[in-house]
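Raw query.txt, compact mmCIF, C-alpha atoms:
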# COMPACT_ATOMS: atom_id res chain seq x y z
CA MET A 1 34.56 -26.71 -17.33
CA GLN A 2 33.21 -26.65 -20.85
CA GLN A 3 30.11 -28.42 -19.65
CA ILE A 4 29.55 -25.99 -16.81
CA ILE A 5 29.75 -23.05 -19.20
CA ASN A 6 27.44 -24.79 -21.64
CA PHE A 7 25.01 -25.43 -18.83
CA LEU A 8 25.12 -21.78 -17.79
CA ILE A 9 24.53 -20.57 -21.35
CA ARG A 10 21.69 -23.01 -21.91
CA ASN A 11 19.92 -21.99 -18.70
CA LYS A 12 20.79 -18.30 -18.66
CA ASN A 13 17.16 -17.18 -18.62
CA GLY A 14 16.29 -19.54 -15.82
CA LEU A 15 19.25 -18.40 -13.78
CA LEU A 16 18.48 -14.75 -14.45
CA TYR A 17 14.92 -15.38 -13.32
CA VAL A 18 16.02 -17.06 -10.10
CA PHE A 19 18.48 -14.24 -9.46
CA LEU A 20 15.88 -11.47 -9.94
CA LEU A 21 13.30 -13.37 -7.91
CA LEU A 22 15.74 -13.75 -5.05
CA ILE A 23 16.44 -10.01 -5.08
CA ALA A 24 12.70 -9.31 -4.94
CA LEU A 25 12.12 -11.79 -2.13
CA GLY A 26 15.13 -10.39 -0.31
CA PHE A 27 13.66 -6.89 -0.38
CA THR A 28 10.31 -8.24 0.81
CA VAL A 29 11.69 -10.21 3.73
CA GLN A 30 14.03 -7.44 4.77
CA SER A 31 11.31 -4.81 4.95
CA ASN A 32 9.01 -7.25 6.70
CA SER A 33 11.37 -7.60 9.60
CA TYR A 34 12.22 -3.94 10.07
CA HIS A 35 11.03 -0.54 8.90
CA GLN A 36 10.33 0.08 5.23
CA SER A 37 13.44 -0.62 3.22
CA LYS A 38 15.60 2.40 2.67
CA PHE A 39 14.87 3.18 -0.96
CA LEU A 40 11.95 0.96 -1.91
CA ASN A 41 9.30 3.35 -0.72
CA SER A 42 7.24 6.22 -1.98
CA SER A 43 8.95 8.94 0.06
CA ASN A 44 11.82 9.33 -2.39
CA TRP A 45 12.22 12.35 -4.64
CA LEU A 46 10.70 10.92 -7.81
CA THR A 47 7.61 9.17 -6.44
CA GLY A 48 6.99 11.89 -3.88
CA ASN A 49 6.93 14.63 -6.48
CA ILE A 50 4.70 12.69 -8.86
CA TYR A 51 2.20 12.07 -6.06
CA GLN A 52 2.46 15.71 -5.01
CA THR A 53 1.61 16.88 -8.54
CA SER A 54 -1.31 14.52 -8.78
CA THR A 55 -2.59 15.62 -5.36
CA ASN A 56 -2.28 19.29 -6.34
CA VAL A 57 -4.78 18.63 -9.11
CA SER A 58 -7.14 16.27 -7.31
CA THR A 59 -7.50 18.27 -4.10
CA TYR A 60 -9.46 20.97 -5.98
CA PHE A 61 -12.37 18.59 -6.28
CA SER A 62 -12.78 18.18 -2.55
CA LEU A 63 -11.97 21.69 -1.32
CA GLN A 64 -15.53 22.37 -0.20
CA ASP A 65 -15.76 19.18 1.88
CA GLU A 66 -12.35 19.73 3.42
CA ASN A 67 -13.28 23.29 4.35
CA ASN A 68 -16.37 22.01 6.10
CA VAL A 69 -14.33 19.47 8.05
CA LEU A 70 -11.87 22.15 9.13
CA LEU A 71 -14.70 24.55 10.06
CA GLU A 72 -16.29 21.86 12.20
CA GLU A 73 -13.02 21.26 13.95
CA ASN A 74 -12.41 24.97 14.51
CA LYS A 75 -15.89 25.27 15.96
CA ARG A 76 -15.18 22.46 18.39
CA LEU A 77 -11.85 23.91 19.45
CA ARG A 78 -13.33 27.42 19.85
CA ASN A 79 -16.06 25.92 22.01
CA LEU A 80 -13.41 24.36 24.20
CA LEU A 81 -11.51 27.64 24.48
CA PHE A 82 -14.54 29.80 25.33
CA ASN A 83 -15.92 27.34 27.81
CA LYS A 84 -12.63 27.20 29.61
CA GLY A 85 -12.93 30.93 30.21
CA ILE A 86 -10.24 32.18 27.88
CA ALA A 87 -11.88 35.27 26.50
CA ARG A 88 -9.61 36.25 23.63
CA PRO A 89 -8.22 33.14 22.03
CA ASP A 90 -6.45 35.14 19.31
CA SER A 91 -4.02 36.62 21.74
CA VAL A 92 -3.18 33.52 23.69
CA ALA A 93 0.56 33.07 23.66
CA ILE A 94 1.68 29.60 22.74
CA ASP A 95 2.70 27.77 25.84
CA THR A 96 6.33 26.82 25.28
CA THR A 97 6.42 24.43 28.20
CA SER A 98 3.83 22.09 26.70
CA PRO A 99 5.25 18.68 25.88
CA TYR A 100 3.72 18.35 22.39
CA ASP A 101 4.23 20.23 19.13
CA VAL A 102 1.88 19.87 16.19
CA ILE A 103 2.95 19.90 12.54
CA THR A 104 0.43 19.89 9.68
CA ALA A 105 0.64 17.96 6.42
CA ASN A 106 -1.49 16.63 3.56
CA ILE A 107 -1.83 13.06 2.50
CA ILE A 108 -0.51 12.69 -1.04
CA LYS A 109 -1.05 8.95 -1.32
CA ASN A 110 -3.66 7.17 0.74
CA SER A 111 -3.79 3.40 0.95
CA TYR A 112 -6.23 1.14 2.79
CA SER A 113 -6.89 -1.92 0.64
CA LEU A 114 -3.69 -3.87 1.31
CA ASN A 115 -2.71 -5.82 4.40
CA LYS A 116 0.14 -3.46 5.16
CA ASN A 117 -0.90 0.06 4.35
CA TYR A 118 1.54 2.93 4.16
CA PRO A 119 0.05 6.35 3.26
CA THR A 120 2.52 9.05 2.19
CA ILE A 121 2.42 12.66 3.46
CA ASN A 122 4.05 15.79 2.05
CA ALA A 123 6.15 16.81 5.05
CA GLY A 124 9.51 15.38 5.97
CA GLU A 125 12.75 16.00 7.80
CA ASN A 126 12.79 19.63 6.58
CA GLN A 127 9.61 20.19 8.61
CA GLY A 128 11.11 18.46 11.63
CA ILE A 129 9.43 15.10 11.20
CA LYS A 130 11.23 12.04 12.48
CA GLU A 131 10.49 8.35 12.76
CA ASP A 132 8.03 7.19 15.44
CA MET A 133 5.99 10.37 15.66
CA GLY A 134 2.23 9.98 15.91
CA VAL A 135 -0.09 11.07 13.08
CA ILE A 136 -3.69 12.06 13.80
CA THR A 137 -6.58 13.50 11.83
CA SER A 138 -9.31 15.86 12.96
CA ASN A 139 -11.49 12.86 13.89
CA GLY A 140 -9.11 10.19 15.06
CA ILE A 141 -5.72 8.64 14.62
CA LEU A 142 -3.99 7.58 11.41
CA GLY A 143 -0.75 5.90 12.44
CA ILE A 144 2.92 6.36 13.19
CA ILE A 145 5.69 7.83 11.01
CA ASP A 146 7.67 4.93 9.63
CA HIS A 147 10.19 6.45 7.28
CA THR A 148 11.17 9.98 6.28
CA SER A 149 12.97 11.71 3.44
CA SER A 150 13.78 15.42 3.24
CA LYS A 151 10.35 16.45 1.88
CA PHE A 152 8.09 13.44 2.40
CA ALA A 153 7.29 10.83 5.01
CA ILE A 154 5.60 7.45 5.09
CA VAL A 155 3.04 6.61 7.75
CA GLN A 156 2.51 3.11 9.06
CA SER A 157 -1.26 3.23 9.16
CA ILE A 158 -3.31 1.64 11.94
CA LEU A 159 -4.61 -0.43 9.01
CA ASN A 160 -1.39 -2.41 8.96
CA THR A 161 -0.84 -5.87 10.37
CA LYS A 162 2.45 -4.67 11.86
CA SER A 163 0.80 -1.87 13.83
CA THR A 164 0.03 -2.16 17.53
CA ILE A 165 -1.06 0.97 19.34
CA ASN A 166 -1.83 1.40 23.00
CA ALA A 167 -5.50 2.22 23.53
CA LYS A 168 -7.91 2.27 26.45
CA LEU A 169 -11.57 2.63 27.27
CA LYS A 170 -12.51 6.22 27.89
CA ASN A 171 -12.92 7.14 31.56
CA SER A 172 -11.24 4.00 32.75
CA ASN A 173 -7.68 2.88 32.97
CA TYR A 174 -8.02 -0.53 31.34
CA PHE A 175 -5.80 -0.53 28.30
CA GLY A 176 -5.12 -2.96 25.48
CA SER A 177 -3.48 -2.96 22.10
CA LEU A 178 -5.10 -1.84 18.89
CA VAL A 179 -4.55 -4.22 15.98
CA TRP A 180 -6.14 -4.81 12.58
CA ASP A 181 -7.43 -8.11 11.17
CA THR A 182 -7.40 -6.76 7.55
CA LYS A 183 -11.10 -7.50 7.01
CA ASP A 184 -12.67 -4.05 6.95
CA PHE A 185 -10.89 -0.73 6.60
CA ASN A 186 -13.22 1.08 8.98
CA THR A 187 -13.02 -1.50 11.77
CA VAL A 188 -10.01 -2.25 13.98
CA GLN A 189 -9.68 -4.60 16.94
CA LEU A 190 -8.82 -3.93 20.56
CA THR A 191 -7.34 -6.91 22.39
CA ASP A 192 -6.10 -7.66 25.91
CA ILE A 193 -8.94 -5.93 27.78
CA PRO A 194 -9.47 -8.20 30.81
CA ARG A 195 -12.73 -10.05 31.25
CA LEU A 196 -13.68 -8.40 34.47
CA VAL A 197 -14.13 -5.02 32.81
CA ASN A 198 -17.70 -4.01 32.21
CA ILE A 199 -17.96 -2.89 28.59
CA LYS A 200 -20.94 -1.85 26.51
CA ILE A 201 -21.53 -1.46 22.81
CA GLY A 202 -21.12 2.21 21.97
CA ASP A 203 -18.36 2.92 24.49
CA THR A 204 -15.63 5.24 23.27
CA VAL A 205 -12.06 4.06 22.84
CA VAL A 206 -9.20 6.56 23.11
CA THR A 207 -5.42 6.41 22.99
CA GLY A 208 -3.77 5.26 26.20
CA ALA A 209 -1.08 6.84 28.32
CA MET A 210 1.36 3.99 27.92
CA SER A 211 3.10 5.29 24.80
CA SER A 212 5.25 8.34 24.33
CA ILE A 213 4.00 8.67 20.74
CA PHE A 214 0.41 9.80 21.19
CA PRO A 215 -0.92 12.10 23.90
CA GLU A 216 -3.54 10.47 26.08
CA ASN A 217 -7.26 10.61 25.25
CA ILE A 218 -7.24 11.12 21.49
CA PRO A 219 -10.54 9.61 20.29
CA ILE A 220 -10.23 6.52 18.10
CA GLY A 221 -13.69 4.99 17.70
CA ILE A 222 -16.62 3.32 19.40
CA ILE A 223 -17.20 -0.32 20.32
CA LYS A 224 -19.18 -2.08 17.60
CA ASP A 225 -19.35 -5.57 19.09
CA TYR A 226 -17.24 -7.77 21.33
CA SER A 227 -16.61 -11.38 22.24
CA LEU A 228 -14.37 -13.29 24.62
CA ASN A 229 -11.21 -14.69 23.13
CA LYS A 230 -10.39 -18.42 23.03
CA THR A 231 -8.91 -18.61 26.51
CA GLU A 232 -11.90 -16.63 27.80
CA ASN A 233 -9.86 -14.30 29.95
CA SER A 234 -9.88 -11.21 27.78
CA TYR A 235 -12.12 -9.52 25.24
CA HIS A 236 -11.74 -9.26 21.51
CA ILE A 237 -13.45 -5.98 20.67
CA ASN A 238 -14.39 -4.63 17.22
CA ILE A 239 -14.12 -0.86 17.05
CA SER A 240 -15.63 1.24 14.29
CA LEU A 241 -13.34 4.18 13.68
CA PHE A 242 -14.46 7.81 13.90
CA GLN A 243 -12.23 8.66 10.96
CA ASP A 244 -13.29 7.28 7.58
CA MET A 245 -9.94 5.85 6.53
CA SER A 246 -10.79 6.00 2.84
CA ASN A 247 -11.23 9.75 2.96
CA VAL A 248 -8.34 11.40 4.80
CA LYS A 249 -6.81 14.58 3.41
CA ASN A 250 -5.30 16.74 6.15
CA VAL A 251 -3.31 15.31 9.04
CA TYR A 252 -1.45 16.53 12.12
CA ILE A 253 1.87 15.09 13.21
CA ILE A 254 2.48 15.10 16.94
CA LYS A 255 6.00 15.76 18.07
CA ASN A 256 6.75 14.85 21.66
CA LYS A 257 9.44 17.25 22.84
CA ASN A 258 10.39 14.99 25.71
CA ILE A 259 10.88 11.89 23.58
CA VAL A 260 14.68 12.02 23.74
CA GLU A 261 14.59 12.26 27.51
CA ILE A 262 12.06 9.43 27.80
CA LYS A 263 14.08 7.19 25.48
CA GLU A 264 17.27 7.82 27.44
CA LEU A 265 15.54 7.04 30.68
CA GLU A 266 14.12 3.82 29.28
CA LYS A 267 17.59 2.83 28.07
CA LYS A 268 18.99 3.21 31.56
CA VAL A 269 16.47 0.75 32.92
CA GLU A 270 17.38 -1.82 30.30
CA MET B 1 11.80 1.15 -37.52
CA VAL B 2 13.47 -0.75 -34.69
CA ASN B 3 13.96 2.50 -32.82
CA ASN B 4 10.30 3.37 -33.25
CA LYS B 5 9.32 0.08 -31.66
CA LEU B 6 11.72 0.62 -28.78
CA VAL B 7 10.36 4.11 -28.11
CA LEU B 8 6.86 2.71 -28.23
CA HIS B 9 7.72 0.13 -25.58
CA ILE B 10 9.34 2.71 -23.32
CA ILE B 11 6.36 5.04 -23.62
CA ARG B 12 4.04 2.11 -22.95
CA PHE B 13 6.10 1.24 -19.85
CA PHE B 14 5.69 4.71 -18.35
CA PHE B 15 2.08 5.04 -19.44
CA LEU B 16 1.19 1.78 -17.72
CA VAL B 17 3.09 2.68 -14.53
CA LEU B 18 1.42 6.09 -14.26
CA ALA B 19 -2.01 4.68 -15.09
CA GLN B 20 -1.55 2.02 -12.45
CA VAL B 21 -0.29 4.18 -9.57
CA LEU B 22 -2.31 7.34 -10.20
CA VAL B 23 -5.63 5.86 -11.31
CA PHE B 24 -6.06 2.15 -10.71
CA ASN B 25 -4.37 1.98 -7.31
CA ASN B 26 -6.93 4.50 -6.09
CA LEU B 27 -10.03 2.74 -7.34
CA ASN B 28 -10.56 0.65 -4.17
CA PHE B 29 -13.84 -0.61 -5.55
CA LEU B 30 -15.79 -2.32 -2.72
CA GLY B 31 -12.86 -1.50 -0.47
CA TYR B 32 -10.17 -3.73 -1.93
CA ILE B 33 -10.51 -4.25 -5.68
CA ASN B 34 -7.61 -2.52 -7.39
CA PRO B 35 -7.15 -3.93 -10.89
CA MET B 36 -3.53 -4.31 -11.94
CA VAL B 37 -3.65 -3.20 -15.54
CA TYR B 38 0.12 -3.01 -15.98
CA ILE B 39 0.03 -6.74 -16.74
CA LEU B 40 -0.88 -5.61 -20.28
CA PHE B 41 2.83 -4.85 -20.67
CA PHE B 42 3.47 -8.57 -20.86
CA TYR B 43 0.62 -9.00 -23.30
CA TRP B 44 1.84 -6.26 -25.64
CA TYR B 45 5.52 -7.20 -25.46
CA PRO B 46 6.75 -8.57 -28.83
CA VAL B 47 6.59 -12.33 -29.15
CA LYS B 48 10.06 -13.12 -30.42
CA GLU B 49 12.22 -10.78 -28.42
CA ASN B 50 15.21 -11.57 -26.23
CA LYS B 51 13.89 -13.17 -23.09
CA ALA B 52 16.61 -11.81 -20.82
CA ILE B 53 15.60 -8.25 -21.71
CA LEU B 54 11.97 -9.05 -20.91
CA LEU B 55 13.04 -10.40 -17.51
CA ILE B 56 15.06 -7.29 -16.70
CA ALA B 57 12.33 -4.95 -17.98
CA SER B 58 9.73 -6.77 -15.89
CA PHE B 59 11.97 -6.50 -12.86
CA PHE B 60 12.11 -2.73 -13.19
CA LEU B 61 8.40 -2.49 -14.02
CA GLY B 62 7.58 -4.31 -10.81
CA LEU B 63 10.09 -2.34 -8.79
CA THR B 64 8.66 1.01 -9.96
CA ILE B 65 5.12 -0.05 -9.06
CA ASP B 66 6.36 -1.30 -5.68
CA MET B 67 8.08 1.98 -4.96
CA PHE B 68 4.90 3.90 -5.64
CA SER B 69 2.56 1.63 -3.73
CA ASP B 70 4.86 0.78 -0.76
CA THR B 71 4.33 -2.94 -1.21
CA MET B 72 7.91 -4.02 -0.48
CA ALA B 73 8.88 -6.03 -3.59
CA ILE B 74 5.93 -8.31 -4.15
CA HIS B 75 4.90 -6.76 -7.48
CA THR B 76 8.47 -7.37 -8.62
CA ALA B 77 8.41 -11.03 -7.66
CA ALA B 78 5.07 -11.57 -9.41
CA CYS B 79 6.20 -9.67 -12.54
CA VAL B 80 9.48 -11.53 -12.90
CA THR B 81 7.68 -14.83 -12.53
CA ILE B 82 5.12 -14.22 -15.26
CA ALA B 83 7.87 -12.86 -17.51
CA TYR B 84 9.64 -16.18 -17.04
CA LEU B 85 6.49 -18.25 -17.56
CA ARG B 86 5.31 -16.17 -20.52
CA SER B 87 6.70 -18.30 -23.33
CA GLY B 88 5.34 -21.45 -21.74
CA ILE B 89 1.89 -19.91 -21.41
CA MET B 90 2.05 -18.75 -25.04
CA ARG B 91 2.92 -22.22 -26.24
CA PHE B 92 -0.01 -23.58 -24.21
CA CYS B 93 -2.48 -21.02 -25.61
CA PHE B 94 -1.42 -20.78 -29.23
CA GLY B 95 -0.25 -24.34 -29.76
CA VAL B 96 2.12 -25.18 -32.63
CA ASN B 97 1.55 -21.83 -34.33
CA TYR B 98 3.72 -20.23 -31.70
CA ASP B 99 6.81 -22.07 -32.95
CA PHE B 100 6.51 -20.72 -36.51
CA GLN B 101 8.87 -17.94 -37.44
CA ASN B 102 6.18 -15.57 -38.70
CA PHE B 103 3.81 -16.02 -35.76
CA LYS B 104 1.83 -12.89 -35.02
CA MET B 105 -0.52 -12.10 -32.16
CA SER B 106 -3.06 -10.63 -34.59
CA SER B 107 -3.38 -13.94 -36.41
CA THR B 108 -4.78 -15.72 -33.36
CA THR B 109 -8.39 -15.99 -32.34
CA THR B 110 -9.93 -13.75 -29.73
CA LEU B 111 -10.50 -16.71 -27.44
CA GLN B 112 -6.80 -17.58 -27.52
CA GLN B 113 -5.84 -14.00 -26.73
CA VAL B 114 -8.24 -13.83 -23.81
CA THR B 115 -6.97 -17.15 -22.45
CA PHE B 116 -3.40 -15.91 -22.69
CA LEU B 117 -4.23 -12.72 -20.81
CA ALA B 118 -6.29 -14.58 -18.22
CA LEU B 119 -3.47 -17.04 -17.50
CA LEU B 120 -0.94 -14.20 -17.13
CA ILE B 121 -3.29 -12.49 -14.66
CA LEU B 122 -3.98 -15.73 -12.79
CA PHE B 123 -0.30 -16.50 -12.19
CA HIS B 124 0.51 -12.90 -11.33
CA HIS B 125 -2.29 -12.56 -8.81
CA LEU B 126 -1.61 -15.95 -7.22
CA ILE B 127 1.98 -14.95 -6.48
CA PHE B 128 1.10 -11.39 -5.56
CA PHE B 129 -1.58 -12.25 -3.00
CA SER B 130 0.29 -15.25 -1.59
CA LEU B 131 3.24 -13.01 -0.85
CA GLU B 132 1.07 -10.17 0.39
CA ILE B 133 -0.99 -12.20 2.83
CA PHE B 134 1.82 -14.70 3.44
CA SER B 135 0.01 -17.31 5.49
CA PHE B 136 -1.51 -20.59 4.42
CA SER B 137 -4.16 -20.40 7.09
CA ASN B 138 -5.69 -17.67 4.96
CA LEU B 139 -5.74 -19.80 1.81
CA LEU B 140 -9.42 -19.07 1.22
CA LEU B 141 -8.84 -15.33 1.51
CA ILE B 142 -5.99 -15.59 -1.02
CA LEU B 143 -8.14 -17.54 -3.47
CA LYS B 144 -11.05 -15.16 -3.03
CA LYS B 145 -8.86 -12.16 -3.72
CA VAL B 146 -7.20 -13.82 -6.70
CA LEU B 147 -10.58 -14.64 -8.18
CA ILE B 148 -12.32 -11.31 -7.59
CA VAL B 149 -9.44 -8.93 -8.25
CA GLY B 150 -8.33 -11.13 -11.14
CA SER B 151 -11.70 -10.88 -12.87
CA ALA B 152 -11.69 -7.12 -12.41
CA THR B 153 -8.18 -6.93 -13.85
CA LEU B 154 -9.15 -9.11 -16.81
CA LEU B 155 -12.20 -6.98 -17.55
CA LEU B 156 -10.29 -3.70 -17.44
CA CYS B 157 -7.35 -5.12 -19.41
CA LEU B 158 -9.73 -6.26 -22.16
CA LEU B 159 -11.34 -2.81 -22.24
CA ILE B 160 -7.99 -1.02 -22.44
CA LYS B 161 -6.76 -3.51 -25.00
CA SER B 162 -9.72 -2.88 -27.28
CA LEU B 163 -9.36 0.86 -26.73
CA PHE B 164 -5.78 0.91 -28.00
CA SER B 165 -6.20 -1.77 -30.62
CA THR B 166 -5.04 -0.74 -34.09
CA GLN B 167 -6.69 -3.69 -35.75
CA LYS B 168 -9.25 -2.83 -38.41
CA LYS B 169 -12.41 -4.85 -38.32

Show me, as structure tokens, the structure contained in the file I just sent.
Amino acid sequence: MQQIINFLIRNKNGLLYVFLLLIALGFTVQSNSYHQSKFLNSSNWLTGNIYQTSTNVSTYFSLQDENNVLLEENKRLRNLLFNKGIARPDSVAIDTTSPYDVITANIIKNSYSLNKNYPTINAGENQGIKEDMGVITSNGILGIIDHTSSKFAIVQSILNTKSTINAKLKNSNYFGSLVWDTKDFNTVQLTDIPRLVNIKIGDTVVTGAMSSIFPENIPIGIIKDYSLNKTENSYHINISLFQDMSNVKNVYIIKNKNIVEIKELEKKVE
Amino acid sequence: MVNNKLVLHIIRFFFLVLAQVLVFNNLNFLGYINPMVYILFFYWYPVKENKAILLIASFFLGLTIDMFSDTMAIHTAACVTIAYLRSGIMRFCFGVNYDFQNFKMSSTTTLQQVTFLALLILFHHLIFFSLEIFSFSNLLLILKKVLIVGSATLLLCLLIKSLFSTQKK
């Protein structure tokens, strides 16, 4: 007994080190296997508010650019409206039967240099945001909501090795999954497109209809180059994104009103 | 006097965390180089202080950085490890001098100080990037990142160190 206690006292620093290291590794493994761990993330009160304060200051320096981006987008949307023959867009009543709602938010912490990137946005459960909603920007897609708190939410970016998003070639119904090989933050990879499909460099890739998270046909990027994979039955396609992932400020969160119904239906099949 | 030192360490802790998460995590130089300047905490920490407290402080330092940068707990693991290895590295860098009672960091040569800092950074980055990438098939990528990000960290740490140095030439 005496010897055991002596041993413990002699090695107390070593044991403390092993103990703390195990806690750290435990957190890491746990959040690897499931969503972000419950409190080790930047959507909590303290980190969220510090990022919010810092963003409040830094956004002033890019107001002009952001305004231009929003103007461009408004122009595009107005074009769509006028060309569809709706004369007075200001008075159009919002269609309450549409399946998607859109919520706006700002990015308060962007991240794109790690292997698993999780940007943080300043809207949370109070704004009606829940896990597994899609997040898009004016030019493309950003990711999927991974974790929420009352005022903030964390997005699992498409620049994350855990992310797989259903995508397809525009004007065709061949779909594959969008993954990231961590090499370049403006290039993602589309896999599982069968060999028989005729693809060309410069083709547009959009979101597919297979998921209930994103609406169909949201632009993602264009094909940069492609090669056959090892088994030579499907393509491995590099896509350069429309959205510059290092410069994202304003985002839209897409809320699918039918998601509960879809989930229930899928459960019945299982 | 003791209290003054304690307050200094606490202020340094928060200063380093804020500098890291608000400034250096957003550098993204060449797309992925984010120097981790908070390692200076281990450099500035007093030499002959209770080791258990250093371990616990480093645990919370890593945990705070992890919370801000959404990196699970890999900063924590790397921090705790270099806190544990710190005395060994010091003995390696400063030789017998380290065992004297009145050993002071200011009495060592610049080369020894730089070696000490570089070794801290090397061990930290090795553990950090191994855990982050977590596959041995990407060993070259890990080594490349350790080397490049490590040199950037070392450079910035030396700059910050000389900026806040109280030593009179």

Pairwise distance for CA of Asn25 (chain B) and CA of Tyr38 (chain B), rounded to one decimal in Å: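 Spanning CA of Asn25 (chain B) to CA of Tyr38 (chain B) is a straight-line distance of 11.0 Å.
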
Taking all atoms listed in the file into account, find every residue of chain B that has an atom no more than 6 Å from chain A, and write it out as a PyMOL selection string. chain B and resi 32+52+67-68+70+72-73+76-77

What is the distance, in Å and to one decimal place, between CA of Ser240 (chain A) and CA of Leu139 (chain B)?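 Computed distance, CA of Ser240 (chain A) to CA of Leu139 (chain B), equals 26.4 Å.
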
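A straight line drawn from CA of Asn258 (chain A) to CA of Pro99 (chain A) is 6.3 Å long.
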
Using only C-alpha atoms, find all polymer residues with an atom at most 12 Å away from the point (0.8, -12.3, -12.9); report them as a VMD selection string. chain B and resid 35 to 43 58 62 74 to 86 89 116 to 130 146 149 to 150 153 to 154

What's the 12 Å shell around Asn97 (chain B), counting all atoms listed in the file, without same-chain residues fewer than 5 positions away, as a PyMOL selection string? chain B and resi 47+90-92+102-105+107-109+112

Okay, now the selection with C-alpha atoms, as a short mmCIF file (atom, residue, chain, number, x, y, z; two decimals), in the coordinates of the input?
data_model
loop_
_atom_site.label_atom_id
_atom_site.label_comp_id
_atom_site.auth_asym_id
_atom_site.auth_seq_id
_atom_site.Cartn_x
_atom_site.Cartn_y
_atom_site.Cartn_z
CA VAL B 47 6.59 -12.33 -29.15
CA MET B 90 2.05 -18.75 -25.04
CA ARG B 91 2.92 -22.22 -26.24
CA PHE B 92 -0.01 -23.58 -24.21
CA ASN B 102 6.18 -15.57 -38.70
CA PHE B 103 3.81 -16.02 -35.76
CA LYS B 104 1.83 -12.89 -35.02
CA MET B 105 -0.52 -12.10 -32.16
CA SER B 107 -3.38 -13.94 -36.41
CA THR B 108 -4.78 -15.72 -33.36
CA THR B 109 -8.39 -15.99 -32.34
CA GLN B 112 -6.80 -17.58 -27.52
#

So which residues touch Glu232 (chain A) within 12 Å, counting all atoms listed in the file, skipping near sequence neighbours fewer than 6 positions away, as a VMD selection string? chain A and resid 192 to 196

Best match for closeness to Phe61 (chain A) among A:Gly176, A:Ile145, A:Lys249, A:Lys224, counting all atoms listed in the file: A:Lys249

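Considering the residues A:Leu81, A:Phe242, A:Trp45, A:Arg10 and counting all atoms listed in the file, Thr148 (chain A) has its shortest atom-to-atom contact with A:Trp45.
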
If you count all atoms listed in the file, which residues fall within 12 Å of Ser165 (chain B), apart from same-chain ones fewer than 4 positions away, as number ranges by chain? B: 44, 105-106, 157-161, 169

Given all atoms listed in the file as the basis, pick out the residue of A:Thr191, A:Ser163, A:Thr137, A:Asn247 nearest to Ile220 (chain A).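 Distance minimum relative to Ile220 (chain A) lands on A:Thr137.
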
Looking at B:Ile33, B:Thr64, B:Tyr98, B:Thr110, which one is nearest to Lys144 (chain B), with distances taken over only C-alpha atoms?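 The shortest atom-to-atom distance to Lys144 (chain B) comes from B:Ile33.
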
Can you patch up region 131-143 of chain B, filling it in to N, CA and C atoms, and show the result as a PDB file, keeping the file's coordinate frame?
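Final file, out.pdb:
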ATOM      1  N   LEU B 131       2.161 -13.725  -1.529  1.00  0.00           N
ATOM      2  CA  LEU B 131       3.240 -13.010  -0.850  1.00  0.00           C
ATOM      3  C   LEU B 131       2.700 -11.911   0.044  1.00  0.00           C
ATOM      4  N   GLU B 132       1.594 -11.280  -0.403  1.00  0.00           N
ATOM      5  CA  GLU B 132       1.070 -10.170   0.390  1.00  0.00           C
ATOM      6  C   GLU B 132       0.482 -10.665   1.701  1.00  0.00           C
ATOM      7  N   ILE B 133      -0.307 -11.711   1.628  1.00  0.00           N
ATOM      8  CA  ILE B 133      -0.990 -12.200   2.830  1.00  0.00           C
ATOM      9  C   ILE B 133      -0.061 -13.109   3.620  1.00  0.00           C
ATOM     10  N   PHE B 134       0.719 -13.917   2.881  1.00  0.00           N
ATOM     11  CA  PHE B 134       1.820 -14.700   3.440  1.00  0.00           C
ATOM     12  C   PHE B 134       1.412 -15.565   4.613  1.00  0.00           C
ATOM     13  N   SER B 135       0.298 -16.282   4.496  1.00  0.00           N
ATOM     14  CA  SER B 135       0.010 -17.310   5.490  1.00  0.00           C
ATOM     15  C   SER B 135      -0.949 -18.296   4.868  1.00  0.00           C
ATOM     16  N   PHE B 136      -0.683 -19.582   5.060  1.00  0.00           N
ATOM     17  CA  PHE B 136      -1.510 -20.590   4.420  1.00  0.00           C
ATOM     18  C   PHE B 136      -2.815 -20.800   5.175  1.00  0.00           C
ATOM     19  N   SER B 137      -2.899 -20.276   6.389  1.00  0.00           N
ATOM     20  CA  SER B 137      -4.160 -20.400   7.090  1.00  0.00           C
ATOM     21  C   SER B 137      -5.218 -19.514   6.445  1.00  0.00           C
ATOM     22  N   ASN B 138      -4.751 -18.546   5.642  1.00  0.00           N
ATOM     23  CA  ASN B 138      -5.690 -17.670   4.960  1.00  0.00           C
ATOM     24  C   ASN B 138      -5.843 -18.051   3.500  1.00  0.00           C
ATOM     25  N   LEU B 139      -5.708 -19.343   3.195  1.00  0.00           N
ATOM     26  CA  LEU B 139      -5.740 -19.800   1.810  1.00  0.00           C
ATOM     27  C   LEU B 139      -7.022 -19.359   1.105  1.00  0.00           C
ATOM     28  N   LEU B 140      -8.145 -19.444   1.827  1.00  0.00           N
ATOM     29  CA  LEU B 140      -9.420 -19.070   1.220  1.00  0.00           C
ATOM     30  C   LEU B 140      -9.448 -17.592   0.864  1.00  0.00           C
ATOM     31  N   LEU B 141      -8.885 -16.772   1.767  1.00  0.00           N
ATOM     32  CA  LEU B 141      -8.840 -15.330   1.510  1.00  0.00           C
ATOM     33  C   LEU B 141      -7.995 -15.063   0.257  1.00  0.00           C
ATOM     34  N   ILE B 142      -6.856 -15.775   0.150  1.00  0.00           N
ATOM     35  CA  ILE B 142      -5.990 -15.590  -1.020  1.00  0.00           C
ATOM     36  C   ILE B 142      -6.761 -15.938  -2.286  1.00  0.00           C
ATOM     37  N   LEU B 143      -7.422 -17.099  -2.268  1.00  0.00           N
ATOM     38  CA  LEU B 143      -8.140 -17.540  -3.470  1.00  0.00           C
ATOM     39  C   LEU B 143      -9.268 -16.581  -3.818  1.00  0.00           C
TER      40      LEU B 143
END
